[in-house]
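K.L.:
Input file: structure.cif. Contents: mmCIF, C-alpha atoms.
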```cif
data_coords
loop_
_atom_site.label_atom_id
_atom_site.label_comp_id
_atom_site.auth_asym_id
_atom_site.auth_seq_id
_atom_site.Cartn_x
_atom_site.Cartn_y
_atom_site.Cartn_z
CA MET A 1 87.31 79.13 75.89
CA LEU A 2 84.76 81.41 77.60
CA ASN A 3 82.13 83.30 75.64
CA ARG A 4 80.72 86.40 77.27
CA ASN A 5 77.12 86.94 76.15
CA THR A 6 75.05 89.84 77.47
CA HIS A 7 71.26 89.73 77.89
CA ASP A 8 70.33 93.19 79.14
CA THR A 9 71.48 93.13 82.78
CA VAL A 10 72.17 89.37 82.79
CA LEU A 11 75.65 88.13 81.93
CA GLU A 12 75.94 84.65 80.38
CA LEU A 13 79.33 83.02 80.79
CA ASN A 14 79.37 80.24 78.22
CA MET A 15 82.12 77.66 78.65
CA ALA A 16 83.49 76.74 75.21
CA ARG A 17 86.60 74.61 75.58
CA PRO A 18 86.18 71.60 73.27
CA PRO A 19 85.67 68.77 73.45
CA VAL A 20 84.25 68.53 77.00
CA ASN A 21 84.83 71.90 78.71
CA ALA A 22 87.49 70.38 80.96
CA LEU A 23 88.41 72.79 83.74
CA ASN A 24 92.05 73.79 83.34
CA ALA A 25 93.76 76.72 85.04
CA GLU A 26 92.97 79.15 82.23
CA LEU A 27 89.23 78.42 82.15
CA VAL A 28 88.95 78.51 85.94
CA GLN A 29 90.75 81.86 86.07
CA ALA A 30 88.56 83.29 83.30
CA LEU A 31 85.34 82.26 85.07
CA HIS A 32 86.59 83.64 88.36
CA ALA A 33 87.57 87.00 86.84
CA GLN A 34 84.26 87.46 85.00
CA ILE A 35 82.09 86.56 88.00
CA ASP A 36 84.20 88.74 90.27
CA SER A 37 83.75 91.81 88.06
CA ALA A 38 80.14 91.25 86.91
CA MET A 39 78.42 93.53 89.44
CA ALA A 40 80.95 96.31 88.92
CA ASP A 41 80.25 96.01 85.18
CA GLY A 42 76.57 96.69 85.82
CA PHE A 43 75.16 93.17 85.64
CA GLU A 44 72.43 92.08 88.05
CA ALA A 45 72.54 88.30 87.52
CA ILE A 46 74.78 85.66 85.93
CA VAL A 47 74.15 82.47 83.96
CA ILE A 48 76.93 79.88 83.64
CA SER A 49 76.30 77.66 80.63
CA GLY A 50 78.05 74.95 78.64
CA GLN A 51 77.77 73.47 75.16
CA PRO A 52 74.96 71.24 73.87
CA GLU A 53 75.36 67.79 75.48
CA ILE A 54 78.13 68.86 77.89
CA PHE A 55 78.23 71.38 80.72
CA SER A 56 81.69 70.41 81.96
CA ALA A 57 83.40 67.06 82.34
CA GLY A 58 85.25 68.34 85.40
CA LEU A 59 88.91 68.97 86.09
CA ASP A 60 91.36 68.59 83.22
CA VAL A 61 93.07 65.55 84.73
CA PRO A 62 95.59 65.01 81.87
CA GLU A 63 96.86 68.58 82.26
CA LEU A 64 96.85 68.49 86.06
CA MET A 65 98.78 65.21 86.09
CA SER A 66 101.74 67.10 84.62
CA PHE A 67 101.78 69.54 87.55
CA ARG A 68 104.32 69.42 90.33
CA ARG A 69 103.19 70.17 93.87
CA PRO A 70 103.62 74.01 93.72
CA GLN A 71 101.57 74.17 90.50
CA MET A 72 98.88 71.94 91.96
CA ILE A 73 98.66 74.10 95.08
CA GLU A 74 98.27 77.18 92.88
CA PHE A 75 95.56 75.51 90.80
CA TRP A 76 93.62 74.26 93.82
CA ILE A 77 93.66 77.72 95.40
CA GLU A 78 92.29 79.15 92.15
CA PHE A 79 89.59 76.49 91.81
CA MET A 80 88.41 76.84 95.40
CA SER A 81 88.51 80.62 95.02
CA LEU A 82 86.17 80.28 92.02
CA LEU A 83 83.71 78.28 94.13
CA ARG A 84 83.94 80.86 96.90
CA CYS A 85 83.33 83.63 94.36
CA ILE A 86 80.13 81.88 93.23
CA ALA A 87 79.00 81.18 96.80
CA LEU A 88 79.61 84.76 97.97
CA SER A 89 78.34 86.50 94.83
CA PRO A 90 76.17 89.51 95.74
CA ILE A 91 74.01 88.83 92.66
CA PRO A 92 72.15 85.63 91.68
CA ILE A 93 73.92 82.96 89.61
CA VAL A 94 72.13 80.21 87.68
CA ALA A 95 73.81 77.07 86.35
CA ALA A 96 72.46 76.25 82.87
CA ILE A 97 73.54 72.59 82.79
CA THR A 98 73.33 71.90 79.07
CA GLY A 99 74.37 68.24 79.24
CA HIS A 100 76.57 65.85 81.18
CA SER A 101 78.05 67.34 84.34
CA PRO A 102 80.26 64.96 86.32
CA ALA A 103 82.73 65.86 89.06
CA GLY A 104 83.96 69.46 88.71
CA GLY A 105 81.03 70.36 86.48
CA ALA A 106 78.61 69.39 89.24
CA VAL A 107 80.83 71.11 91.81
CA ILE A 108 80.53 74.45 90.00
CA ALA A 109 76.73 74.11 89.97
CA LEU A 110 76.42 73.38 93.71
CA PRO A 111 76.94 76.93 95.08
CA CYS A 112 74.77 78.57 92.40
CA ASP A 113 71.32 79.94 93.29
CA TYR A 114 69.49 77.63 90.88
CA ARG A 115 70.32 74.71 88.59
CA ILE A 116 68.47 73.99 85.34
CA MET A 117 69.54 70.78 83.59
CA ALA A 118 68.98 69.35 80.14
CA GLN A 119 66.98 66.15 80.43
CA SER A 120 68.21 63.96 77.59
CA SER A 121 69.43 63.70 74.01
CA LYS A 122 69.04 61.11 71.27
CA LYS A 123 72.03 59.35 72.84
CA GLY A 124 70.33 58.95 76.20
CA ARG A 125 69.81 60.76 79.49
CA TYR A 126 72.40 63.20 80.74
CA LYS A 127 74.27 62.39 83.94
CA ILE A 128 75.43 64.53 86.85
CA GLY A 129 77.16 63.77 90.13
CA LEU A 130 80.24 63.91 92.30
CA ASN A 131 82.12 60.86 91.04
CA GLU A 132 85.43 61.86 92.65
CA VAL A 133 85.68 58.64 94.67
CA GLN A 134 85.45 56.64 91.43
CA VAL A 135 88.69 58.29 90.24
CA GLY A 136 90.45 58.07 93.59
CA LEU A 137 89.79 61.55 94.97
CA VAL A 138 88.33 62.71 98.28
CA ILE A 139 85.55 65.32 98.20
CA PRO A 140 86.58 68.36 100.29
CA PRO A 141 84.27 69.04 103.24
CA VAL A 142 83.00 72.40 101.99
CA ILE A 143 81.98 70.84 98.66
CA TYR A 144 80.34 67.88 100.37
CA ASN A 145 78.40 70.22 102.67
CA SER A 146 77.21 72.16 99.61
CA LEU A 147 75.78 68.87 98.33
CA VAL A 148 74.12 68.18 101.70
CA ARG A 149 72.50 71.62 101.53
CA LEU A 150 70.68 70.58 98.36
CA THR A 151 69.89 66.89 98.85
CA GLY A 152 69.98 66.31 102.60
CA ALA A 153 72.53 64.25 104.49
CA ARG A 154 71.28 60.75 103.69
CA ILE A 155 71.19 61.15 99.92
CA ALA A 156 74.40 63.20 99.86
CA GLY A 157 76.21 60.43 101.69
CA GLN A 158 74.92 57.79 99.30
CA LEU A 159 75.87 59.80 96.23
CA ALA A 160 79.29 60.96 97.41
CA VAL A 161 80.66 57.84 99.08
CA GLU A 162 79.96 55.66 96.04
CA GLY A 163 80.76 58.44 93.57
CA LEU A 164 77.48 57.95 91.74
CA LEU A 165 76.50 59.64 88.50
CA ILE A 166 72.72 59.93 88.26
CA ASP A 167 70.42 60.87 85.40
CA ALA A 168 68.63 64.21 85.22
CA ASP A 169 65.28 62.86 86.45
CA THR A 170 66.88 61.33 89.53
CA ALA A 171 68.88 64.52 90.13
CA LEU A 172 65.62 66.49 90.11
CA ALA A 173 63.96 64.05 92.51
CA TYR A 174 66.95 64.26 94.87
CA GLY A 175 67.11 68.07 94.77
CA LEU A 176 70.53 68.16 93.11
CA VAL A 177 68.97 70.20 90.29
CA ASP A 178 65.88 72.39 90.43
CA GLU A 179 64.36 72.16 86.95
CA LEU A 180 64.63 70.13 83.74
CA GLN A 181 64.36 71.43 80.19
CA GLU A 182 65.10 70.31 76.65
CA THR A 183 68.73 71.00 75.79
CA LYS A 184 67.84 73.87 73.45
CA ASP A 185 65.73 75.56 76.14
CA VAL A 186 68.09 75.39 79.13
CA VAL A 187 69.76 78.79 78.69
CA ALA A 188 66.44 80.52 77.90
CA ALA A 189 64.93 79.03 81.05
CA ALA A 190 67.92 80.24 83.08
CA LEU A 191 67.49 83.75 81.67
CA ASN A 192 63.77 83.64 82.48
CA TRP A 193 64.58 82.64 86.08
CA CYS A 194 66.90 85.64 86.34
CA GLN A 195 64.34 88.03 84.89
CA ARG A 196 61.64 86.81 87.31
CA HIS A 197 63.88 87.50 90.26
CA LEU A 198 65.12 90.81 88.94
CA ALA A 199 61.50 91.94 88.54
CA LEU A 200 60.99 91.57 92.30
CA PRO A 201 61.63 94.52 94.65
CA ARG A 202 65.42 94.49 94.46
CA HIS A 203 66.35 95.33 98.04
CA ALA A 204 63.92 92.80 99.53
CA MET A 205 64.93 90.07 97.09
CA LEU A 206 68.67 90.46 97.66
CA LYS A 207 68.36 90.73 101.45
CA THR A 208 66.15 87.64 101.64
CA ARG A 209 68.51 85.81 99.26
CA ALA A 210 71.39 86.61 101.63
CA ILE A 211 69.44 85.12 104.56
CA ALA A 212 68.65 81.96 102.57
CA ARG A 213 72.29 81.51 101.54
CA HIS A 214 73.77 82.30 104.96
CA PRO A 215 74.94 78.71 105.76
CA LEU A 216 76.65 78.45 102.36
CA VAL A 217 78.32 81.83 102.76
CA ASP A 218 79.51 80.90 106.26
CA ALA A 219 81.04 77.66 104.97
CA TYR A 220 83.03 79.48 102.29
CA SER A 221 84.03 82.29 104.65
CA SER A 222 85.87 80.08 107.14
CA ASP A 223 89.65 80.29 107.29
CA ASP A 224 90.22 76.65 106.36
CA TYR A 225 87.67 76.10 103.58
CA PHE A 226 90.52 75.63 101.05
CA LYS A 227 91.91 72.50 102.78
CA ILE A 228 94.88 72.95 100.44
CA ASN A 229 97.35 70.56 102.00
CA ASP A 230 94.72 67.87 102.59
CA PHE A 231 93.67 67.84 98.95
CA VAL A 232 97.15 68.15 97.46
CA ASP A 233 98.58 65.47 99.77
CA HIS A 234 95.86 63.12 98.64
CA TRP A 235 96.30 64.08 94.97
CA PHE A 236 99.94 63.00 95.08
CA HIS A 237 99.28 59.84 97.12
CA ASP A 238 100.51 56.76 95.28
CA SER A 239 97.09 55.10 95.16
CA THR A 240 95.44 58.25 93.80
CA GLN A 241 98.10 58.74 91.15
CA THR A 242 97.65 55.13 90.02
CA VAL A 243 93.91 55.56 89.51
CA LEU A 244 94.31 58.96 87.83
CA GLN A 245 96.97 57.59 85.48
CA MET A 246 94.60 54.80 84.47
CA LEU A 247 91.94 57.44 83.78
CA VAL A 248 94.34 59.45 81.60
CA GLU A 249 95.19 56.32 79.62
CA GLN A 250 91.50 55.56 79.10
CA LEU A 251 90.86 59.11 77.90
CA GLY A 252 93.77 58.81 75.48
CA LYS A 253 92.15 55.81 73.81
CA ARG A 254 88.88 57.62 73.03
#
```
Take the structure in the file and write it out as structure tokens.
P.N.:
Amino acid sequence: MLNRNTHDTVLELNMARPPVNALNAELVQALHAQIDSAMADGFEAIVISGQPEIFSAGLDVPELMSFRRPQMIEFWIEFMSLLRCIALSPIPIVAAITGHSPAGGAVIALPCDYRIMAQSSKKGRYKIGLNEVQVGLVIPPVIYNSLVRLTGARIAGQLAVEGLLIDADTALAYGLVDELQETKDVVAAALNWCQRHLALPRHAMLKTRAIARHPLVDAYSSDDYFKINDFVDHWFHDSTQTVLQMLVEQLGKR
């Protein structure tokens, strides 16, 4: 489910939950625990990677659809806590986006320091984006503002309101990702990024990094960044459940 690969002082957390690295409670908890303990374990940077052709397809909707409200509240707290852990990490984190990355996959990449995405495969160009609206969900404000931080308000609004998935080249042009590589080279490029930064004077690099990330840290430090009731109320809204049930049925036919 989560491979833990060490590269000197860089920890690679490789999501390995076939077939599409869907984010269920167990995978979210495992990521959170490993990121939370990385610095104490002596690591100086983290890479979050996926499998060839897929980073993560987002939340495990079929599993979450079986949850009652208390379970959904517990899951949403854990998922938002994972994002906060990434945003507030005292050491750099790079998203090695090894393939498609819709919805929750893109959300995990947003608060990272840097995003390197695979450009394409023989099957076509990889896609990334916050397509929550397409499946009947509202993007929480703190996640939307993380998108604005990367792309600017105009593009973020266009992407989020329509729930667009865009190809890697467009994502690079919009600032949603920072670099493109061949699929086989994405993790190596992420490790190289880490090593370049770790070779800098450490105190100066980390202090300047903290200044650069201050708006993101502030957003995830506020008392209401979870927006638990807002999200869960919408999740269980009749219209949302109808769209999500249709999605589950479509997935079951594949």
K.L.:
At a cut-off of 12 Å, using all atoms listed in the file, what residues contact Glu249 in chain A? Leave out same-chain residues fewer than 5 positions from it and give the result as an MDAnalysis selection string.
P.N.:
chainID A and resid 61:62 65 242:244 254
K.L.:
Which is closest to Val187 in chain A among A:Ser56, A:Asn229, A:Gln51, A:Ser101, if we use all atoms listed in the file?
P.N.:
A:Gln51
K.L.:
For range 28-42 of chain A, please output as a VMD selection string all residues within 6 Å (counting all atoms listed in the file; exclusion window: fewer than 2 positions along the same chain).
P.N.:
chain A and resid 25 to 26 82
K.L.:
Selection from above, C-alpha atoms, as a PDB file, in the coordinates of the input, can you write it?
P.N.:
```
ATOM      1  CA  ALA A  25      93.760  76.720  85.040  1.00  0.00           C
ATOM      2  CA  GLU A  26      92.970  79.150  82.230  1.00  0.00           C
ATOM      3  CA  LEU A  82      86.170  80.280  92.020  1.00  0.00           C
TER       4      LEU A  82
END
```
K.L.:
Taking the file as shown, what set of residues would the PyMOL selection byres ((chain A and resi 47) around 8) give back, as a PDB file with C-alpha atoms, keeping the file's coordinate frame?
P.N.:
```pdb
ATOM      1  CA  VAL A  10      72.170  89.370  82.790  1.00  0.00           C
ATOM      2  CA  LEU A  11      75.650  88.130  81.930  1.00  0.00           C
ATOM      3  CA  GLU A  12      75.940  84.650  80.380  1.00  0.00           C
ATOM      4  CA  LEU A  13      79.330  83.020  80.790  1.00  0.00           C
ATOM      5  CA  ALA A  45      72.540  88.300  87.520  1.00  0.00           C
ATOM      6  CA  ILE A  46      74.780  85.660  85.930  1.00  0.00           C
ATOM      7  CA  ILE A  48      76.930  79.880  83.640  1.00  0.00           C
ATOM      8  CA  SER A  49      76.300  77.660  80.630  1.00  0.00           C
ATOM      9  CA  ILE A  93      73.920  82.960  89.610  1.00  0.00           C
ATOM     10  CA  VAL A  94      72.130  80.210  87.680  1.00  0.00           C
ATOM     11  CA  ALA A  95      73.810  77.070  86.350  1.00  0.00           C
ATOM     12  CA  ALA A  96      72.460  76.250  82.870  1.00  0.00           C
ATOM     13  CA  VAL A 187      69.760  78.790  78.690  1.00  0.00           C
ATOM     14  CA  ALA A 190      67.920  80.240  83.080  1.00  0.00           C
ATOM     15  CA  LEU A 191      67.490  83.750  81.670  1.00  0.00           C
TER      16      LEU A 191
END
```
K.L.:
Calculated over all atoms listed in the file, which of the candidates A:Asn131, A:Ser89, A:Thr98, A:Thr208 has the smallest distance to Cys112 in chain A?
P.N.:
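Counting all atoms listed in the file, the residue closest to Cys112 in chain A is A:Ser89.
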K.L.:
Could you check how far CA of Ala160 in chain A sits from CA of Leu130 in chain A, in Å to one decimal?
P.N.:
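Value for the CA of Ala160 in chain A-CA of Leu130 in chain A distance: 6.0 Å.
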K.L.:
Show me the residues close to (72.4, 69.6, 101.4) - anything with an atom within 12 Å, counting all atoms listed in the file - and format the list as an NGL selection string.
P.N.:
:A and (110-111 or 142-157 or 159-160 or 174-177 or 213 or 215-216)
K.L.:
Could you tell me which residues the PyMOL selection byres ((chain A and resi 24) around 8) returns for this structure, as a list in words?
P.N.:
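Residues picked by the PyMOL selection byres ((chain A and resi 24) around 8): Ala22, Leu23, Ala25, Glu26, Leu27, Val28, Leu59, Asp60, Glu63 and Leu64 of chain A.
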K.L.:
Which one is closest to Trp193 in chain A: A:Met72, A:Ile116, A:Val217, A:Met15? Count only C-alpha atoms.
P.N.:
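Using only C-alpha atoms, Trp193 in chain A sits closest to A:Ile116.
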